[in-house]
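Student: Dropping in entry-v7.cif, with mmCIF, C-alpha atoms and all ligand atoms.
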data_input
loop_
_atom_site.label_atom_id
_atom_site.label_comp_id
_atom_site.auth_asym_id
_atom_site.auth_seq_id
_atom_site.Cartn_x
_atom_site.Cartn_y
_atom_site.Cartn_z
CA MET A 21 19.59 -107.00 -29.14
CA ASN A 22 18.52 -109.94 -26.98
CA ILE A 23 15.26 -111.85 -27.50
CA TYR A 24 13.46 -110.07 -24.67
CA ASP A 25 14.29 -106.66 -26.22
CA ILE A 26 13.33 -107.81 -29.72
CA GLN A 27 9.97 -109.16 -28.61
CA LYS A 28 9.25 -106.10 -26.47
CA LYS A 29 10.18 -103.74 -29.32
CA TYR A 30 7.84 -105.70 -31.62
CA LEU A 31 4.98 -105.05 -29.20
CA GLU A 32 5.92 -101.40 -28.68
CA GLN A 33 5.89 -100.80 -32.44
CA SER A 34 2.61 -102.60 -33.02
CA TYR A 35 0.08 -103.54 -30.35
CA PHE A 36 1.15 -101.03 -27.71
CA LEU A 37 0.27 -98.27 -30.21
CA ASP A 38 -3.27 -96.99 -30.69
CA TYR A 39 -5.57 -99.12 -32.82
CA ARG A 40 -5.54 -98.39 -36.56
CA ASP A 41 -8.35 -99.48 -38.83
CA GLY A 42 -7.72 -101.48 -42.01
CA TYR A 43 -4.97 -103.86 -40.87
CA GLY A 44 -7.10 -106.84 -39.90
CA LEU A 45 -6.90 -106.50 -36.12
CA SER A 46 -10.62 -105.97 -35.51
CA GLU A 47 -11.38 -108.98 -37.73
CA ILE A 48 -9.01 -111.18 -35.71
CA LEU A 49 -10.53 -109.96 -32.44
CA GLU A 50 -14.03 -110.58 -33.74
CA VAL A 51 -13.16 -114.09 -34.91
CA LEU A 52 -11.69 -114.91 -31.49
CA THR A 53 -14.89 -113.70 -29.82
CA LYS A 54 -17.18 -115.54 -32.21
CA TYR A 55 -15.47 -118.89 -32.67
CA SER A 56 -13.60 -119.59 -29.43
CA VAL A 57 -15.14 -122.12 -27.08
CA ARG A 58 -15.30 -122.45 -23.30
CA GLY A 59 -12.39 -124.40 -21.82
CA ASP A 60 -8.65 -124.33 -22.21
CA TRP A 61 -6.38 -122.59 -24.71
CA LEU A 62 -3.04 -123.37 -26.33
CA ASP A 63 -1.32 -120.33 -27.90
CA LEU A 64 1.53 -121.28 -30.26
CA GLY A 65 4.28 -118.76 -31.03
CA CYS A 66 2.77 -116.57 -28.31
CA GLY A 67 5.48 -113.94 -27.91
CA GLY A 68 4.44 -111.46 -25.23
CA ASN A 69 1.03 -110.81 -26.76
CA SER A 70 -1.31 -113.56 -25.54
CA TYR A 71 -3.25 -111.32 -23.15
CA LEU A 72 -4.45 -109.23 -26.10
CA TRP A 73 -6.10 -112.29 -27.65
CA ARG A 74 -7.16 -113.58 -24.22
CA MET A 75 -9.38 -110.49 -23.83
CA CYS A 76 -11.61 -111.81 -26.62
CA LEU A 77 -11.85 -115.40 -25.38
CA ASN A 78 -14.61 -116.07 -22.92
CA HIS A 79 -14.52 -118.63 -20.14
CA ILE A 80 -10.91 -119.68 -20.43
CA ASP A 81 -9.96 -121.86 -17.45
CA ASN A 82 -6.27 -122.09 -18.20
CA MET A 83 -3.81 -121.32 -20.95
CA THR A 84 -0.63 -122.93 -22.26
CA LEU A 85 1.62 -120.36 -23.91
CA VAL A 86 4.40 -121.63 -26.15
CA ASP A 87 7.32 -119.93 -27.82
CA LYS A 88 10.82 -120.75 -28.97
CA TYR A 89 12.63 -118.65 -26.39
CA SER A 90 12.87 -118.87 -22.61
CA ALA A 91 13.09 -115.04 -22.35
CA THR A 92 9.51 -114.79 -23.64
CA SER A 93 8.26 -115.91 -20.22
CA ILE A 94 9.72 -112.74 -18.63
CA LEU A 95 7.71 -110.57 -21.01
CA ILE A 96 4.52 -112.55 -20.35
CA ASN A 97 5.03 -112.16 -16.63
CA GLU A 98 5.56 -108.41 -17.00
CA MET A 99 2.35 -108.05 -19.00
CA LYS A 100 0.49 -109.98 -16.31
CA ASN A 101 1.91 -107.90 -13.45
CA LYS A 102 1.17 -104.62 -15.23
CA GLN A 103 -2.32 -105.75 -16.28
CA PHE A 104 -1.46 -103.95 -19.49
CA LYS A 105 -4.41 -102.04 -20.98
CA LYS A 106 -3.14 -99.39 -23.39
CA GLY A 107 -3.06 -98.97 -27.19
CA CYS A 108 -4.62 -101.91 -29.05
CA TYR A 109 -5.22 -103.64 -25.71
CA LYS A 110 -7.52 -100.77 -24.74
CA TYR A 111 -9.33 -101.11 -28.07
CA ALA A 112 -9.74 -104.88 -27.63
CA PHE A 113 -10.89 -104.48 -24.05
CA GLU A 114 -13.45 -101.79 -24.85
CA ASN A 115 -14.83 -103.38 -28.00
CA PHE A 116 -14.51 -107.14 -27.69
CA CYS A 117 -14.02 -108.09 -24.04
CA CYS A 118 -16.84 -109.51 -21.96
CA SER A 119 -14.99 -110.07 -18.72
CA ASN A 120 -13.09 -107.82 -16.38
CA ILE A 121 -9.38 -107.04 -16.50
CA GLU A 122 -8.60 -108.91 -13.25
CA GLU A 123 -10.16 -112.08 -14.64
CA ILE A 124 -8.15 -111.77 -17.88
CA TYR A 125 -4.83 -111.31 -16.15
CA SER A 126 -5.43 -113.89 -13.45
CA THR A 127 -6.06 -116.76 -15.87
CA PRO A 128 -3.77 -119.60 -14.76
CA TYR A 129 -1.08 -120.31 -17.31
CA GLU A 130 2.00 -122.35 -17.96
CA TYR A 131 4.76 -121.31 -20.30
CA VAL A 132 6.39 -123.94 -22.51
CA CYS A 133 9.61 -123.28 -24.36
CA LYS A 134 9.66 -125.24 -27.61
CA ASP A 135 10.86 -124.89 -31.20
CA LEU A 136 7.52 -125.52 -32.86
CA LEU A 137 8.84 -125.50 -36.40
CA LYS A 138 11.68 -127.97 -35.74
CA GLU A 139 9.97 -130.25 -33.21
CA GLU A 140 6.61 -131.91 -33.63
CA ILE A 141 3.71 -129.77 -32.36
CA LEU A 142 2.29 -132.29 -29.96
CA PHE A 143 1.24 -131.76 -26.35
CA GLU A 144 0.34 -134.18 -23.59
CA LYS A 145 -3.29 -133.11 -23.46
CA LYS A 146 -5.80 -131.86 -26.02
CA TYR A 147 -7.32 -128.38 -26.01
CA ASN A 148 -10.64 -126.66 -26.72
CA ASN A 149 -8.87 -123.75 -28.42
CA VAL A 150 -5.55 -123.71 -30.23
CA SER A 151 -4.26 -120.52 -31.83
CA GLN A 152 -1.28 -119.52 -33.89
CA ILE A 153 -1.16 -115.82 -34.57
CA GLY A 154 1.88 -115.15 -36.73
CA LEU A 155 3.66 -118.50 -36.44
CA LEU A 156 2.90 -120.58 -39.54
CA GLY A 157 3.61 -117.64 -41.82
CA LEU A 158 7.23 -118.48 -41.03
CA CYS A 159 7.01 -121.90 -42.70
CA GLU A 160 9.44 -121.90 -45.59
CA ASN A 161 7.26 -123.78 -48.05
CA PRO A 162 3.72 -125.13 -48.52
CA HIS A 163 4.80 -128.67 -47.69
CA ILE A 164 6.03 -127.71 -44.19
CA PHE A 165 2.96 -125.48 -43.70
CA LYS A 166 0.67 -128.43 -44.43
CA ILE A 167 2.54 -130.73 -42.02
CA LYS A 168 2.38 -128.08 -39.28
CA ILE A 169 -1.33 -127.35 -39.79
CA PHE A 170 -2.19 -131.01 -39.24
CA GLU A 171 0.15 -131.29 -36.26
CA ILE A 172 -1.71 -128.33 -34.72
CA LEU A 173 -5.12 -129.85 -35.44
CA LYS A 174 -4.16 -133.09 -33.67
CA ASN A 175 -4.05 -131.10 -30.39
CA LEU A 176 -7.76 -130.26 -30.59
CA LYS A 177 -10.48 -131.87 -28.54
CA LYS A 178 -13.59 -132.86 -30.48
CA LYS A 179 -15.54 -129.68 -31.40
CA GLY A 180 -12.46 -127.66 -30.51
CA VAL A 181 -11.27 -124.80 -32.73
CA SER A 182 -8.02 -123.72 -34.24
CA ILE A 183 -7.85 -119.94 -34.74
CA ASN A 184 -5.15 -118.71 -37.09
CA ALA A 185 -3.80 -115.47 -38.51
CA ASN A 186 -0.81 -115.24 -40.82
CA TRP A 187 0.64 -112.05 -42.20
CA LEU A 188 1.63 -112.30 -45.86
CA PHE A 189 5.02 -110.85 -46.66
CA ASN A 190 5.51 -108.46 -49.60
CA SER A 191 8.37 -109.25 -51.98
CA ARG A 192 10.81 -106.89 -50.27
CA TYR A 193 10.19 -108.33 -46.81
CA SER A 194 10.22 -111.91 -48.20
CA GLU A 195 13.74 -111.25 -49.45
CA ILE A 196 14.87 -109.87 -46.10
CA LEU A 197 13.47 -112.88 -44.20
CA ASN A 198 14.30 -115.31 -46.99
CA ILE A 199 10.76 -116.67 -46.66
CA ASP A 200 8.18 -116.37 -49.41
CA ASN A 201 4.79 -117.23 -47.87
CA SER A 202 2.68 -116.16 -50.84
CA TYR A 203 1.58 -119.83 -51.10
CA ILE A 204 -0.81 -119.11 -48.18
CA THR A 205 -3.97 -118.54 -50.20
CA GLU A 206 -7.62 -119.31 -49.53
CA LEU A 207 -7.50 -121.96 -52.25
CA TYR A 208 -4.43 -123.68 -50.78
CA ILE A 209 -5.93 -123.83 -47.28
CA LYS A 210 -9.29 -125.07 -48.63
CA ASN A 211 -7.52 -127.74 -50.69
CA ILE A 212 -5.42 -129.20 -47.88
CA LEU A 213 -8.44 -129.34 -45.57
CA SER A 214 -10.70 -130.93 -48.18
CA GLU A 215 -8.63 -134.12 -47.80
CA HIS A 216 -9.69 -134.55 -44.15
CA GLU A 217 -13.28 -135.04 -43.07
CA ASN A 218 -12.40 -134.67 -39.36
CA TYR A 219 -11.80 -130.96 -39.82
CA GLN A 220 -14.05 -128.22 -41.15
CA LEU A 221 -12.99 -124.79 -42.35
CA GLU A 222 -15.50 -122.48 -40.63
CA TYR A 223 -14.09 -119.11 -41.64
CA ILE A 224 -11.46 -117.78 -43.99
CA ASN A 225 -10.81 -114.19 -45.00
CA LYS A 226 -7.83 -112.36 -46.38
CA ILE A 227 -7.71 -108.76 -45.24
CA LYS A 228 -5.69 -106.92 -47.86
CA PHE A 229 -3.56 -103.90 -47.10
CA ASN A 230 -0.18 -102.60 -48.11
CA ASP A 231 2.42 -101.44 -45.67
CA GLU A 232 6.18 -101.69 -45.73
CA LYS A 233 6.18 -105.43 -44.85
CA TYR A 234 2.86 -107.05 -45.63
CA THR A 235 0.27 -107.44 -48.37
CA GLY A 236 -2.37 -108.53 -45.90
CA VAL A 237 -3.33 -111.05 -43.25
CA MET A 238 -5.01 -114.42 -43.78
CA ILE A 239 -7.42 -115.26 -40.98
CA TYR A 240 -8.94 -118.74 -40.76
CA VAL A 241 -10.77 -120.94 -38.31
CA ILE A 242 -10.80 -124.73 -38.41
CA ARG A 243 -13.03 -126.91 -36.22
CA ARG A 244 -12.48 -130.55 -35.34
CA VAL A 245 -15.86 -132.08 -36.11
CA LYS A 246 -15.06 -135.80 -35.59
C1 LIG B 1 5.02 -112.51 -35.45
S1 LIG B 1 5.38 -113.00 -33.82
C2 LIG B 1 3.76 -113.21 -33.20
C3 LIG B 1 3.71 -113.19 -31.70
C4 LIG B 1 2.30 -113.27 -31.10
N1 LIG B 1 1.63 -114.51 -31.41
C5 LIG B 1 1.44 -112.12 -31.51
O1 LIG B 1 0.29 -112.33 -31.79
O2 LIG B 1 1.91 -110.98 -31.51
C6 LIG B 1 5.91 -114.69 -34.06
C7 LIG B 1 6.24 -115.42 -32.77
O3 LIG B 1 6.60 -116.76 -33.07
C8 LIG B 1 7.72 -117.12 -32.33
N2 LIG B 1 8.44 -118.15 -33.07
C9 LIG B 1 9.16 -117.98 -34.22
N3 LIG B 1 9.68 -119.15 -34.61
C10 LIG B 1 9.29 -120.07 -33.69
C11 LIG B 1 9.52 -121.45 -33.54
N4 LIG B 1 10.27 -122.11 -34.42
N5 LIG B 1 8.98 -122.09 -32.48
C12 LIG B 1 8.21 -121.41 -31.58
N6 LIG B 1 7.96 -120.09 -31.68
C13 LIG B 1 8.50 -119.43 -32.71
C14 LIG B 1 8.52 -115.85 -32.16
O4 LIG B 1 9.40 -115.92 -31.07
C15 LIG B 1 7.41 -114.84 -31.99
O5 LIG B 1 7.06 -114.68 -30.65
#
Here is the file; what I need is its structure written in the form of structure tokens.
Ligand SMILES: C[S@@+](CC[C@H](N)C(=O)[O-])C[C@H]1O[C@@H](n2cnc3c(N)ncnc32)[C@H](O)[C@@H]1O
Tutor:
Amino acid sequence: MNIYDIQKKYLEQSYFLDYRDGYGLSEILEVLTKYSVRGDWLDLGCGGNSYLWRMCLNHIDNMTLVDKYSATSILINEMKNKQFKKGCYKYAFENFCCSNIEEIYSTPYEYVCKDLLKEEILFEKKYNNVSQIGLLGLCENPHIFKIKIFEILKNLKKKGVSINANWLFNSRYSEILNIDNSYITELYIKNILSEHENYQLEYINKIKFNDEKYTGVMIYVIRRVK
């Protein structure tokens, strides 16, 4: 399967389906609504799903969407042209969205193709909002995770926010991916941030559940205060 098909299948098997309670989605949507700030938005490891999160961000002037693969841009463009509003998108729109669908899907954007785990996460300008939904869970060890978190934070404007959600792999899925991300705990995130007074952890919550891949999702929000 090519990248376009893989990323589309991922959406079809998750967010294109009807909303299901208990898997952390409503908490992520609520956090985006509550903590995001007016201005611009950088979405790291965006896949084809940025418009779902965009529904919950108010007053976004422009967005920079970044993923490892060039084919991702085709999927993003398709979502935009369809003004997709089914499944979890319908749920997000009806429960968390304050603007209209035309405004969501007409937000100016640029797509950047970049290997964010190999290259430094550094962009030419700084942003009001930076998100990674499902990217840093792919870091192979806590050391790389820590480096990447601080790279991400360097892209924030003062008072800007970094909104994060990382799914935690169960042992079976860890073996398949050859990535054990069980080091992503509340304590670990609190500890690495305690070393830096420029950044404040404003929210952290692990939503626990058990399905065939995950033990839960860690959701956390970091603000640049200085
Ligand atoms: C779990 S998916 C999440 C996609 C999307 N953020 C969402 O909320 O559904 C992880 C995404 O990260 C991207 N990704 C994986 N490794 C990457 C890397 N090294 N650099 C940039 N993007 C990467 C994948 O292509 C994929 O789109």
Student: Of the candidates A:Val150, A:Leu155, A:Ala185, A:Val132, which one gets nearest to ligand LIG 1 (chain B) if we count only C-alpha atoms and all ligand atoms?
Tutor: A:Leu155
Student: Could you give me, as a list in words, the residues within 9 Å of A:Gly42, counting only C-alpha atoms and dropping anything in the same chain fewer than 6 positions from it?
Tutor: Ile227, Lys228 and Phe229 of chain A
Student: Write the residues of the preceding selection, restricted to C-alpha atoms, as a compact mmCIF listing (two decimals), keeping the file's coordinate frame.
Tutor:
# COMPACT_ATOMS: atom_id res chain seq x y z
CA ILE A 227 -7.71 -108.76 -45.24
CA LYS A 228 -5.69 -106.92 -47.86
CA PHE A 229 -3.56 -103.90 -47.10
Student: So that I can check the surroundings of A:His163, please list as a tab-separated table (two decimals) with C-alpha atoms, in the frame of the given file every protein, DNA and RNA residue that reaches within 12 Å of it, counting only C-alpha atoms and ignoring chain neighbours fewer than 3 positions away.
Tutor:
chain	number	residue	atom	x	y	z
A	156	LEU	CA	2.90	-120.58	-39.54
A	159	CYS	CA	7.01	-121.90	-42.70
A	160	GLU	CA	9.44	-121.90	-45.59
A	166	LYS	CA	0.67	-128.43	-44.43
A	167	ILE	CA	2.54	-130.73	-42.02
A	168	LYS	CA	2.38	-128.08	-39.28
A	169	ILE	CA	-1.33	-127.35	-39.79
A	170	PHE	CA	-2.19	-131.01	-39.24
A	201	ASN	CA	4.79	-117.23	-47.87
A	203	TYR	CA	1.58	-119.83	-51.10
A	204	ILE	CA	-0.81	-119.11	-48.18
A	208	TYR	CA	-4.43	-123.68	-50.78
A	209	ILE	CA	-5.93	-123.83	-47.28
A	212	ILE	CA	-5.42	-129.20	-47.88
Student: How would you write, as a tab-separated table (two decimals) with C-alpha atoms, in the frame of the given file, the set of residues no farther than 9 Å from ligand LIG 1 (chain B) when counting all atoms listed in the file?
Tutor:
chain	number	residue	atom	x	y	z
A	23	ILE	CA	15.26	-111.85	-27.50
A	27	GLN	CA	9.97	-109.16	-28.61
A	30	TYR	CA	7.84	-105.70	-31.62
A	31	LEU	CA	4.98	-105.05	-29.20
A	34	SER	CA	2.61	-102.60	-33.02
A	35	TYR	CA	0.08	-103.54	-30.35
A	63	ASP	CA	-1.32	-120.33	-27.90
A	64	LEU	CA	1.53	-121.28	-30.26
A	65	GLY	CA	4.28	-118.76	-31.03
A	66	CYS	CA	2.77	-116.57	-28.31
A	67	GLY	CA	5.48	-113.94	-27.91
A	68	GLY	CA	4.44	-111.46	-25.23
A	69	ASN	CA	1.03	-110.81	-26.76
A	70	SER	CA	-1.31	-113.56	-25.54
A	72	LEU	CA	-4.45	-109.23	-26.10
A	73	TRP	CA	-6.10	-112.29	-27.65
A	86	VAL	CA	4.40	-121.63	-26.15
A	87	ASP	CA	7.32	-119.93	-27.82
A	88	LYS	CA	10.82	-120.75	-28.97
A	89	TYR	CA	12.63	-118.65	-26.39
A	92	THR	CA	9.51	-114.79	-23.64
A	133	CYS	CA	9.61	-123.28	-24.36
A	134	LYS	CA	9.66	-125.24	-27.61
A	135	ASP	CA	10.86	-124.89	-31.20
A	136	LEU	CA	7.52	-125.52	-32.86
A	137	LEU	CA	8.84	-125.50	-36.40
A	138	LYS	CA	11.68	-127.97	-35.74
A	139	GLU	CA	9.97	-130.25	-33.21
A	151	SER	CA	-4.26	-120.52	-31.83
A	152	GLN	CA	-1.28	-119.52	-33.89
A	153	ILE	CA	-1.16	-115.82	-34.57
A	154	GLY	CA	1.88	-115.15	-36.73
A	155	LEU	CA	3.66	-118.50	-36.44
A	156	LEU	CA	2.90	-120.58	-39.54
A	157	GLY	CA	3.61	-117.64	-41.82
A	158	LEU	CA	7.23	-118.48	-41.03
A	159	CYS	CA	7.01	-121.90	-42.70
A	185	ALA	CA	-3.80	-115.47	-38.51
A	186	ASN	CA	-0.81	-115.24	-40.82
A	187	TRP	CA	0.64	-112.05	-42.20
Student: Any idea what's packed within 12 Å of A:His216, counting all atoms listed in the file, ignoring anything in its chain fewer than 2 positions away? Could you give it as an mmCIF file with C-alpha atoms, in the frame of the given file?
Tutor:
data_model
loop_
_atom_site.group_PDB
_atom_site.id
_atom_site.type_symbol
_atom_site.label_atom_id
_atom_site.label_comp_id
_atom_site.auth_asym_id
_atom_site.auth_seq_id
_atom_site.Cartn_x
_atom_site.Cartn_y
_atom_site.Cartn_z
ATOM 1 C CA ILE A 169 -1.330 -127.350 -39.790
ATOM 2 C CA PHE A 170 -2.190 -131.010 -39.240
ATOM 3 C CA LEU A 173 -5.120 -129.850 -35.440
ATOM 4 C CA LYS A 174 -4.160 -133.090 -33.670
ATOM 5 C CA ILE A 209 -5.930 -123.830 -47.280
ATOM 6 C CA LYS A 210 -9.290 -125.070 -48.630
ATOM 7 C CA ASN A 211 -7.520 -127.740 -50.690
ATOM 8 C CA ILE A 212 -5.420 -129.200 -47.880
ATOM 9 C CA LEU A 213 -8.440 -129.340 -45.570
ATOM 10 C CA SER A 214 -10.700 -130.930 -48.180
ATOM 11 C CA ASN A 218 -12.400 -134.670 -39.360
ATOM 12 C CA TYR A 219 -11.800 -130.960 -39.820
ATOM 13 C CA GLN A 220 -14.050 -128.220 -41.150
ATOM 14 C CA LEU A 221 -12.990 -124.790 -42.350
ATOM 15 C CA ILE A 242 -10.800 -124.730 -38.410
ATOM 16 C CA ARG A 243 -13.030 -126.910 -36.220
ATOM 17 C CA ARG A 244 -12.480 -130.550 -35.340
ATOM 18 C CA VAL A 245 -15.860 -132.080 -36.110
ATOM 19 C CA LYS A 246 -15.060 -135.800 -35.590
#
Student: Which one is closest to A:Met99: A:Gly236, A:Tyr71, A:Asn78, A:Asn198? Count only C-alpha atoms.
Tutor: A:Tyr71
Student: For A:Glu130, work out the shell of residues within 7 Å, counting only C-alpha atoms and skipping chain neighbours fewer than 2 positions away, then give it as a count of residues only.
Tutor: 4
Student: Compile the contact shell of A:Arg40 as an MDAnalysis selection string: residues with an atom at most 12 Å away, counting all atoms listed in the file, same-chain residues fewer than 4 positions apart removed.
Tutor: chainID A and resid 34:36 44:46 107:108 111:112
Student: In Å to one decimal, how far is atom CA of A:Asp81 from atom CA of A:Ser93?
Tutor: 19.4 Å
Student: How far is it from atom CA of A:Thr235 to atom CA of A:Phe189, in Å with one decimal?
Tutor: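 Distance reported for this atom pair: 6.1 Å.
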Student: Counting all atoms listed in the file, which residue out of A:Ile94, A:Ile239, A:Ile124, A:Leu52 sits closest to A:Asn82?
Tutor: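 Ranking A:Ile94, A:Ile239, A:Ile124, A:Leu52 by distance to A:Asn82, first place goes to A:Ile124.
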Student: Distance atom CA of A:Glu123-atom CA of A:Ile48, one decimal place?
Tutor: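 Separating atom CA of A:Glu123 from atom CA of A:Ile48 is a distance of 21.1 Å.
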Student: Counting only C-alpha atoms, figure out which residue out of A:Leu95, A:Glu47, A:Gly59, A:Glu217 gets nearest to A:Lys29.
Tutor: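 Using only C-alpha atoms, the shortest distance to A:Lys29 belongs to A:Leu95.
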Student: For A:Gln103, which residue among A:Asn161, A:Tyr125, A:Lys28, A:Ser119 is the nearest when counting all atoms listed in the file?
Tutor: A:Tyr125
Student: Considering only C-alpha atoms, can you say which of A:Ser191, A:Thr205, A:Thr127, A:Asn97 comes closest to A:Tyr24?
Tutor: A:Asn97
Student: Taking the block above, write stretch 152-204 of chain A with C-alpha atoms as a CSV table (one decimal), in the first residue's frame.
Tutor:
chain,number,residue,atom,x,y,z
A,152,GLN,CA,1.5,17.2,17.8
A,153,ILE,CA,-1.3,14.7,17.9
A,154,GLY,CA,0.3,11.3,17.6
A,155,LEU,CA,3.8,12.2,16.6
A,156,LEU,CA,6.1,12.1,19.7
A,157,GLY,CA,4.6,8.8,20.8
A,158,LEU,CA,6.9,7.4,18.0
A,159,CYS,CA,10.1,8.6,19.7
A,160,GLU,CA,12.1,5.5,20.5
A,161,ASN,CA,13.3,6.5,23.9
A,162,PRO,CA,12.8,9.2,26.6
A,163,HIS,CA,16.0,10.9,25.6
A,164,ILE,CA,14.8,11.6,22.0
A,165,PHE,CA,11.3,12.5,23.3
A,166,LYS,CA,12.9,15.2,25.6
A,167,ILE,CA,15.0,16.6,22.8
A,168,LYS,CA,11.9,16.8,20.5
A,169,ILE,CA,9.6,18.4,23.1
A,170,PHE,CA,12.1,21.2,23.6
A,171,GLU,CA,12.6,21.6,19.8
A,172,ILE,CA,8.8,22.0,19.5
A,173,LEU,CA,8.6,24.5,22.3
A,174,LYS,CA,11.2,26.7,20.6
A,175,ASN,CA,8.7,27.3,17.8
A,176,LEU,CA,6.3,29.1,20.2
A,177,LYS,CA,5.7,32.8,20.4
A,178,LYS,CA,5.5,34.2,24.0
A,179,LYS,CA,2.2,33.1,25.6
A,180,GLY,CA,1.8,30.5,22.8
A,181,VAL,CA,0.7,27.0,23.5
A,182,SER,CA,1.8,23.5,22.6
A,183,ILE,CA,-1.1,21.0,22.5
A,184,ASN,CA,-0.1,17.4,22.6
A,185,ALA,CA,-1.7,13.9,22.6
A,186,ASN,CA,0.2,10.7,22.5
A,187,TRP,CA,-1.3,7.3,22.4
A,188,LEU,CA,0.5,4.8,24.6
A,189,PHE,CA,1.1,1.4,23.0
A,190,ASN,CA,0.3,-1.9,24.8
A,191,SER,CA,3.0,-4.5,25.0
A,192,ARG,CA,1.7,-6.4,21.9
A,193,TYR,CA,1.6,-3.3,19.7
A,194,SER,CA,5.0,-2.1,21.1
A,195,GLU,CA,6.5,-5.3,19.9
A,196,ILE,CA,5.0,-4.9,16.4
A,197,LEU,CA,6.2,-1.3,16.1
A,198,ASN,CA,9.4,-2.0,18.0
A,199,ILE,CA,8.7,1.1,20.0
A,200,ASP,CA,8.0,1.0,23.7
A,201,ASN,CA,6.6,4.4,24.7
A,202,SER,CA,5.6,3.5,28.2
A,203,TYR,CA,8.1,6.1,29.5
A,204,ILE,CA,5.5,8.8,28.6
